[in-house]
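J.: The structure file start24.cif (mmCIF, C-alpha atoms) is provided below.
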```
data_upload
loop_
_atom_site.group_PDB
_atom_site.id
_atom_site.type_symbol
_atom_site.label_atom_id
_atom_site.label_comp_id
_atom_site.auth_asym_id
_atom_site.auth_seq_id
_atom_site.Cartn_x
_atom_site.Cartn_y
_atom_site.Cartn_z
ATOM 1 C CA MET I 25 59.377 -46.740 10.226
ATOM 2 C CA ALA I 26 59.911 -43.217 8.938
ATOM 3 C CA GLN I 27 57.709 -43.988 5.925
ATOM 4 C CA LEU I 28 54.917 -45.207 8.224
ATOM 5 C CA ILE I 29 55.044 -42.004 10.297
ATOM 6 C CA ILE I 30 54.870 -39.881 7.128
ATOM 7 C CA LEU I 31 51.851 -41.870 5.885
ATOM 8 C CA VAL I 32 50.008 -41.372 9.193
ATOM 9 C CA LEU I 33 50.695 -37.618 9.103
ATOM 10 C CA LEU I 34 49.385 -37.344 5.543
ATOM 11 C CA LEU I 35 46.164 -39.134 6.542
ATOM 12 C CA LEU I 36 45.625 -36.761 9.462
ATOM 13 C CA ILE I 37 46.193 -33.697 7.264
ATOM 14 C CA SER I 38 43.695 -34.946 4.663
ATOM 15 C CA GLN I 39 41.008 -35.361 7.361
ATOM 16 C CA ILE I 40 41.582 -31.858 8.692
ATOM 17 C CA THR I 41 41.375 -30.175 5.272
ATOM 18 C CA ALA I 42 38.345 -32.185 4.155
ATOM 19 C CA VAL I 43 35.999 -30.585 6.701
ATOM 20 C CA PRO I 44 37.512 -27.478 8.390
ATOM 21 C CA ALA I 45 36.658 -26.943 12.038
ATOM 22 C CA GLY I 46 33.395 -25.042 12.543
ATOM 23 C CA VAL I 47 32.129 -25.623 8.981
ATOM 24 C CA THR I 48 29.133 -27.864 8.297
ATOM 25 C CA ASP I 49 29.480 -30.457 5.588
ATOM 26 C CA VAL I 50 26.471 -29.593 3.379
ATOM 27 C CA ALA I 51 26.375 -33.037 1.806
ATOM 28 C CA SER I 52 25.968 -34.788 5.148
ATOM 29 C CA SER I 53 23.773 -32.195 6.875
ATOM 30 C CA SER I 54 20.024 -31.571 6.778
ATOM 31 C CA ILE I 55 20.371 -28.035 5.421
ATOM 32 C CA GLY I 56 18.627 -29.059 2.238
ATOM 33 C CA ASN I 57 15.524 -29.804 4.287
ATOM 34 C CA LEU I 58 15.312 -26.310 5.795
ATOM 35 C CA PRO I 59 12.379 -24.073 4.686
ATOM 36 C CA GLN I 60 13.276 -22.073 1.607
ATOM 37 C CA PRO I 61 11.870 -18.617 0.746
ATOM 38 C CA THR I 62 8.988 -18.510 -1.700
ATOM 39 C CA VAL I 63 7.546 -15.684 -3.734
ATOM 40 C CA SER I 64 3.867 -14.858 -3.351
ATOM 41 C CA SER I 65 1.566 -14.121 -6.267
ATOM 42 C CA ASN I 66 2.177 -10.380 -5.929
ATOM 43 C CA GLY I 67 5.966 -10.730 -5.891
ATOM 44 C CA THR I 68 6.484 -10.419 -2.137
ATOM 45 C CA THR I 69 9.092 -12.830 -0.756
ATOM 46 C CA ILE I 70 7.770 -14.849 2.179
ATOM 47 C CA SER I 71 9.601 -17.583 4.071
ATOM 48 C CA LYS I 72 7.708 -20.851 4.414
ATOM 49 C CA ASN I 73 8.283 -20.855 8.154
ATOM 50 C CA MET I 74 6.424 -17.546 8.492
ATOM 51 C CA THR I 75 2.686 -17.576 9.163
ATOM 52 C CA MET I 76 0.713 -14.599 7.898
ATOM 53 C CA THR I 77 -1.982 -14.602 10.586
ATOM 54 C CA ASP I 78 -3.600 -11.384 9.344
ATOM 55 C CA GLU I 79 -6.211 -12.446 6.802
ATOM 56 C CA ARG I 80 -5.934 -9.047 5.109
ATOM 57 C CA TYR I 81 -2.673 -10.249 3.552
ATOM 58 C CA ASN I 82 -4.549 -12.881 1.580
ATOM 59 C CA ALA I 83 -5.376 -12.561 -2.107
ATOM 60 C CA GLY I 84 -8.973 -11.598 -2.784
ATOM 61 C CA TRP I 85 -9.603 -10.086 0.673
ATOM 62 C CA GLN I 86 -12.514 -7.637 0.806
ATOM 63 C CA TYR I 87 -13.816 -5.714 3.801
ATOM 64 C CA ASP I 88 -17.207 -7.179 4.746
ATOM 65 C CA ASP I 89 -17.979 -6.445 8.395
ATOM 66 C CA ALA I 90 -21.616 -7.538 8.510
ATOM 67 C CA ALA I 91 -23.014 -4.907 10.892
ATOM 68 C CA GLU I 92 -21.069 -1.913 9.562
ATOM 69 C CA CYS I 93 -21.506 -2.721 5.880
ATOM 70 C CA LEU I 94 -25.212 -3.501 6.285
ATOM 71 C CA TRP I 95 -25.767 -0.031 7.716
ATOM 72 C CA ALA I 96 -23.464 1.694 5.229
ATOM 73 C CA LEU I 97 -24.985 0.097 2.139
ATOM 74 C CA LYS I 98 -28.505 0.799 3.377
ATOM 75 C CA TYR I 99 -28.059 4.451 4.287
ATOM 76 C CA ILE I 100 -24.919 5.679 2.434
ATOM 77 C CA PRO I 101 -24.547 3.462 -0.651
ATOM 78 C CA PHE I 102 -22.916 6.244 -2.710
ATOM 79 C CA VAL I 103 -19.535 7.874 -2.059
ATOM 80 C CA SER I 104 -17.217 10.195 -3.951
ATOM 81 C CA SER I 105 -13.481 9.679 -4.107
ATOM 82 C CA GLU I 106 -10.361 11.580 -5.091
ATOM 83 C CA CYS I 107 -6.926 9.988 -5.423
ATOM 84 C CA THR I 108 -3.957 12.039 -6.640
ATOM 85 C CA GLU I 109 -0.187 11.640 -6.633
ATOM 86 C CA TYR I 110 2.986 13.401 -7.655
ATOM 87 C CA CYS I 111 6.652 12.496 -7.714
ATOM 88 C CA GLU I 112 8.529 14.936 -5.493
ATOM 89 C CA ALA I 113 11.720 16.088 -7.202
ATOM 90 C CA ASP I 114 14.910 16.610 -5.216
ATOM 91 C CA SER I 115 18.241 18.330 -5.900
ATOM 92 C CA TYR I 116 19.986 15.105 -6.888
ATOM 93 C CA ASP I 117 17.609 14.204 -9.718
ATOM 94 C CA ARG I 118 18.807 10.610 -9.896
ATOM 95 C CA GLY I 119 15.610 8.968 -11.116
ATOM 96 C CA TYR I 120 12.361 7.707 -9.644
ATOM 97 C CA LYS I 121 14.002 5.450 -7.047
ATOM 98 C CA PHE I 122 15.367 8.520 -5.276
ATOM 99 C CA HIS I 123 12.164 10.583 -5.203
ATOM 100 C CA ARG I 124 9.188 10.339 -2.901
ATOM 101 C CA LEU I 125 5.857 9.473 -4.462
ATOM 102 C CA ARG I 126 3.295 11.504 -2.530
ATOM 103 C CA TYR I 127 -0.324 10.344 -2.425
ATOM 104 C CA HIS I 128 -3.441 12.185 -1.285
ATOM 105 C CA ILE I 129 -6.774 10.367 -0.970
ATOM 106 C CA LYS I 130 -10.146 11.871 -0.081
ATOM 107 C CA LEU I 131 -13.273 9.814 0.464
ATOM 108 C CA SER I 132 -16.654 11.173 1.471
ATOM 109 C CA GLY I 133 -18.235 9.738 4.597
ATOM 110 C CA ASN I 134 -19.381 6.218 3.801
ATOM 111 C CA GLY I 135 -20.574 4.990 7.178
ATOM 112 C CA GLN I 136 -17.349 3.151 7.970
ATOM 113 C CA ASP I 137 -15.023 4.101 10.803
ATOM 114 C CA PRO I 138 -12.236 6.223 9.202
ATOM 115 C CA ASN I 139 -9.463 4.836 11.416
ATOM 116 C CA SER I 140 -10.458 1.267 10.645
ATOM 117 C CA TRP I 141 -10.785 2.097 6.939
ATOM 118 C CA CYS I 142 -7.304 3.627 6.820
ATOM 119 C CA ASP I 143 -5.761 0.673 8.643
ATOM 120 C CA ASN I 144 -7.386 -1.777 6.221
ATOM 121 C CA PHE I 145 -6.324 0.368 3.279
ATOM 122 C CA LYS I 146 -2.697 0.466 4.447
ATOM 123 C CA ILE I 147 -2.507 -3.320 4.752
ATOM 124 C CA ARG I 148 -4.111 -3.867 1.352
ATOM 125 C CA MET I 149 -1.919 -1.207 -0.272
ATOM 126 C CA MET I 150 1.204 -2.871 1.126
ATOM 127 C CA TYR I 151 0.014 -6.240 -0.166
ATOM 128 C CA ASN I 152 -1.178 -5.095 -3.602
ATOM 129 C CA CYS I 153 1.831 -2.872 -4.266
ATOM 130 C CA ALA I 154 4.320 -5.323 -2.676
ATOM 131 C CA VAL I 155 5.907 -2.608 -0.524
ATOM 132 C CA GLY I 156 6.810 -2.210 3.130
ATOM 133 C CA LYS I 157 5.147 0.033 5.692
ATOM 134 C CA PRO I 158 4.992 3.664 4.477
ATOM 135 C CA ASP I 159 7.449 5.950 6.235
ATOM 136 C CA PHE I 160 4.717 8.607 6.332
ATOM 137 C CA PHE I 161 0.987 7.896 6.761
ATOM 138 C CA ASP I 162 -1.483 10.493 8.132
ATOM 139 C CA CYS I 163 -5.207 9.701 8.238
ATOM 140 C CA ASN I 164 -7.549 12.481 9.454
ATOM 141 C CA THR I 165 -4.674 13.879 11.494
ATOM 142 C CA GLY I 166 -1.412 15.835 11.170
ATOM 143 C CA ARG I 167 -0.831 16.886 7.578
ATOM 144 C CA ALA I 168 -4.164 15.309 6.647
ATOM 145 C CA PRO I 169 -6.646 16.751 9.171
ATOM 146 C CA GLU I 170 -10.287 15.742 9.307
ATOM 147 C CA LEU I 171 -12.168 17.785 6.702
ATOM 148 C CA PRO I 172 -15.744 18.955 7.424
ATOM 149 C CA GLY I 173 -16.380 19.049 3.680
ATOM 150 C CA LEU I 174 -16.089 15.251 3.550
ATOM 151 C CA PHE I 175 -18.797 14.655 6.171
ATOM 152 C CA THR I 176 -21.985 12.977 4.956
ATOM 153 C CA TRP I 177 -25.438 13.416 6.468
ATOM 154 C CA ALA I 178 -27.688 10.360 6.532
ATOM 155 C CA TYR I 179 -30.912 9.152 8.088
ATOM 156 C CA ASP I 180 -30.361 6.340 10.564
ATOM 157 C CA GLY I 181 -33.433 4.140 10.418
ATOM 158 C CA TYR I 182 -32.422 2.289 13.567
ATOM 159 C CA SER I 183 -32.343 5.379 15.783
ATOM 160 C CA GLY I 184 -34.744 7.482 13.741
ATOM 161 C CA GLU I 185 -32.226 10.357 13.758
ATOM 162 C CA ILE I 186 -30.160 12.261 11.219
ATOM 163 C CA VAL I 187 -26.509 11.385 11.734
ATOM 164 C CA GLN I 188 -23.240 12.761 10.410
ATOM 165 C CA LYS I 189 -20.506 10.415 9.198
ATOM 166 C CA PRO I 190 -16.895 11.623 8.763
ATOM 167 C CA GLY I 191 -14.968 11.041 5.584
ATOM 168 C CA VAL I 192 -11.331 10.076 5.013
ATOM 169 C CA ASN I 193 -8.501 12.518 4.389
ATOM 170 C CA LEU I 194 -5.308 10.531 3.887
ATOM 171 C CA ARG I 195 -1.755 11.377 2.885
ATOM 172 C CA PHE I 196 1.071 8.869 2.571
ATOM 173 C CA ASP I 197 4.374 8.463 0.738
ATOM 174 C CA PHE I 198 6.123 5.751 -1.221
ATOM 175 C CA SER I 199 9.877 6.031 -0.692
ATOM 176 C CA PRO I 200 12.176 5.157 -2.312
ATOM 177 C CA TRP I 201 10.929 2.114 -4.234
ATOM 178 C CA TRP I 202 7.866 2.372 -6.422
ATOM 179 C CA GLU I 203 6.755 1.286 -9.872
ATOM 180 C CA PRO I 204 7.270 4.054 -12.470
ATOM 181 C CA ARG I 205 4.963 2.471 -15.074
ATOM 182 C CA ASP I 206 1.784 3.819 -13.498
ATOM 183 C CA ALA I 207 3.130 5.384 -10.257
ATOM 184 C CA GLU I 208 1.244 2.674 -8.331
ATOM 185 C CA HIS I 209 -2.163 3.918 -9.581
ATOM 186 C CA ASP I 210 -3.667 0.481 -10.061
ATOM 187 C CA CYS I 211 -2.625 -1.148 -6.785
ATOM 188 C CA VAL I 212 -3.665 1.906 -4.730
ATOM 189 C CA ARG I 213 -7.049 2.042 -6.459
ATOM 190 C CA SER I 214 -7.566 -1.657 -5.716
ATOM 191 C CA ALA I 215 -6.729 -1.086 -2.046
ATOM 192 C CA ILE I 216 -9.320 1.711 -1.834
ATOM 193 C CA ARG I 217 -11.998 -0.572 -3.239
ATOM 194 C CA GLU I 218 -11.024 -3.498 -1.001
ATOM 195 C CA ALA I 219 -11.081 -1.384 2.180
ATOM 196 C CA THR I 220 -14.574 -0.129 1.294
ATOM 197 C CA CYS I 221 -17.712 -2.209 1.834
ATOM 198 C CA ALA I 222 -18.407 -4.372 -1.198
ATOM 199 C CA GLY I 223 -21.307 -2.948 -3.179
ATOM 200 C CA THR I 224 -20.505 0.705 -2.460
ATOM 201 C CA VAL I 225 -20.958 2.854 -5.572
ATOM 202 C CA PHE I 226 -18.219 5.377 -6.395
ATOM 203 C CA VAL I 227 -20.333 8.053 -8.057
ATOM 204 C CA ASN I 228 -17.433 9.727 -9.878
ATOM 205 C CA GLY I 229 -15.561 6.511 -10.597
ATOM 206 C CA LEU I 230 -12.485 5.219 -8.822
ATOM 207 C CA ARG I 231 -9.026 5.957 -10.156
ATOM 208 C CA CYS I 232 -5.744 7.637 -9.168
ATOM 209 C CA ILE I 233 -4.393 10.488 -11.300
ATOM 210 C CA PRO I 234 -1.430 12.903 -11.271
ATOM 211 C CA THR I 235 -1.961 15.922 -9.006
ATOM 212 C CA MET I 236 -1.713 18.440 -11.868
ATOM 213 C CA TYR I 237 -4.003 16.565 -14.265
ATOM 214 C CA LYS I 238 -6.895 18.607 -15.643
ATOM 215 C CA ALA I 239 -9.827 16.770 -17.176
ATOM 216 C CA PRO I 240 -10.674 17.963 -20.689
ATOM 217 C CA ASP I 241 -13.815 20.020 -21.265
ATOM 218 C CA GLY I 242 -16.877 17.852 -21.552
ATOM 219 C CA ALA I 243 -15.350 14.926 -19.688
ATOM 220 C CA PRO I 244 -17.978 12.787 -17.895
ATOM 221 C CA GLU I 245 -18.245 12.967 -14.114
ATOM 222 C CA PHE I 246 -17.851 9.194 -13.916
ATOM 223 C CA ASP I 247 -14.408 8.420 -15.300
ATOM 224 C CA GLU I 248 -12.107 5.500 -14.561
ATOM 225 C CA SER I 249 -9.820 5.865 -17.567
ATOM 226 C CA PHE I 250 -6.070 5.575 -17.041
ATOM 227 C CA VAL I 251 -3.982 8.758 -16.841
ATOM 228 C CA ALA I 252 -0.232 8.282 -17.125
ATOM 229 C CA PRO I 253 1.998 9.783 -14.411
ATOM 230 C CA THR I 254 3.923 12.949 -15.172
ATOM 231 C CA ARG I 255 7.495 14.032 -14.522
ATOM 232 C CA CYS I 256 8.765 14.637 -11.001
ATOM 233 C CA MET I 257 7.932 18.112 -9.696
ATOM 234 C CA TYR I 258 9.199 20.368 -6.961
ATOM 235 C CA ASN I 259 6.795 21.278 -4.162
ATOM 236 C CA SER I 260 6.707 24.861 -5.426
ATOM 237 C CA GLU I 261 5.153 23.585 -8.656
ATOM 238 C CA VAL I 262 2.118 21.964 -7.076
ATOM 239 C CA PRO I 263 -0.766 23.521 -5.070
ATOM 240 C CA PRO I 264 0.023 23.890 -1.337
ATOM 241 C CA GLU I 265 -2.874 21.579 -0.416
ATOM 242 C CA ALA I 266 -1.196 18.786 -2.397
ATOM 243 C CA THR I 267 2.127 18.851 -0.522
#
```
Can you turn what I pasted into structure tokens?
T.:
Amino acid sequence: MAQLIILVLLLLISQITAVPAGVTDVASSSIGNLPQPTVSSNGTTISKNMTMTDERYNAGWQYDDAAECLWALKYIPFVSSECTEYCEADSYDRGYKFHRLRYHIKLSGNGQDPNSWCDNFKIRMMYNCAVGKPDFFDCNTGRAPELPGLFTWAYDGYSGEIVQKPGVNLRFDFSPWWEPRDAEHDCVRSAIREATCAGTVFVNGLRCIPTMYKAPDGAPEFDESFVAPTRCMYNSEVPPEAT
């Protein structure tokens, strides 16, 4: 009788230790059928049960509003651009992951609404560069006020009047994660092009360069050649308008 009681107790103990209370048995559950995270083509991790409803997060997106781009390409087909950046040094000097990457973009009036352009640019920049929302982003406001020098005059054939179109003055930061290879030059440049009506001609080329870069004598006005980023600099080392 005693042996039978001991056998029953051993069986009960084995059942308790096999699957502890509150713990799911993976082998017998449906956890293997749950959606698993996937990595998009640009390296961004996206869960399969998430739906990216904003089409601007899709590969190959290009701004093409029919009415706005038709007017812009007809009356302001040429624009000039300036895209500069510098790595802001800090007292810790622990490498690029601990420094802000400060960008400044200027675009002459191109017939597009500046606020809409900046919003499209931000989405495309986040997608192309595989980064989150910038912690600082000023477009024609704050530290990046609207600049009269970026306005463009154009004849509006629909109204028969001369109109003035504002440009884009934009400042934003990458912090703290950014790619040191080219300081995000390529993905930012792509975002500028994608937020601008397809077919627009950038008269001086489209590229991003270090803030302190000086083009050599005799350099052509149209230049899209790559310029490598420089070392991190303190704000006192760069022009006040760049900070």
J.: Report as number ranges by chain the residues that result from applying the PyMOL selection byres ((chain I and resi 249-252) around 8) to the structure here.
T.: I: 206, 231-234, 247-248, 253-254
J.: Select, from I:Trp201, I:Tyr179, I:Trp141, I:Phe160, the residue with the minimum atom-to-atom distance to Tyr127 of chain I, counting all atoms listed in the file.
T.: I:Phe160
J.: Using the chain letters and residue numbers of this document, give as an NGL selection string the residues selected by the PyMOL selection byres ((chain I and resi 145) around 12).
T.: :I and (80-81 or 85-87 or 129 or 138-144 or 146-153 or 157-158 or 161 or 163 or 192 or 194-196 or 211-221)
J.: Fewer than 6 positions away in the same chain doesn't count, so skip those; otherwise give me all residues within 7 Å of segment 101-106 of chain I, counting all atoms listed in the file, as JSON, numbers by chain.
T.: {"I": [129, 130, 131, 132, 134, 224, 225, 226, 227, 228, 230]}
J.: Using atom CA of Gly135 of chain I and atom CA of Ala96 of chain I as the two end points, give the distance in Å to one decimal.
T.: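 For atom CA of Gly135 of chain I relative to atom CA of Ala96 of chain I, the distance reads 4.8 Å.
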J.: Return the single residue from I:Gln188, I:Ser260, I:Ser199, I:Gln136 that is closest to Val155 of chain I, with distances computed using all atoms listed in the file.
T.: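 That would be I:Ser199, the residue with the smallest distance to Val155 of chain I.
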J.: List as a list in words the protein and nucleic acid residues near Ala113 of chain I, meaning an atom at most 8 Å away when all atoms listed in the file are counted, but skip any in the same chain fewer than 6 places from it.
T.: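 Those residues are His123, Arg124, Cys256, Met257, Tyr258 and Asn259 of chain I.
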J.: Between I:Ile186, I:Ala243, I:Val262, I:Leu171, single out the one closest to Tyr99 of chain I, counting all atoms listed in the file.
T.: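 Of I:Ile186, I:Ala243, I:Val262, I:Leu171, the one nearest Tyr99 of chain I, counting all atoms listed in the file, is I:Ile186.
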J.: Evaluate the PyMOL selection byres ((chain I and resi 110) around 6) on the structure here and hand back the selected residues as a JSON list (two decimals) with C-alpha atoms, in the coordinates of the input.
T.:
```json
[["chain", "number", "residue", "atom", "x", "y", "z"],
["I", 109, "GLU", "CA", -0.19, 11.64, -6.63],
["I", 111, "CYS", "CA", 6.65, 12.50, -7.71],
["I", 125, "LEU", "CA", 5.86, 9.47, -4.46],
["I", 126, "ARG", "CA", 3.30, 11.50, -2.53],
["I", 234, "PRO", "CA", -1.43, 12.90, -11.27],
["I", 235, "THR", "CA", -1.96, 15.92, -9.01]]
```
J.: In Å, rounded to a single decimal, give me how far atom CA of His128 of chain I is from atom CA of Asn193 of chain I.
T.: 7.6 Å
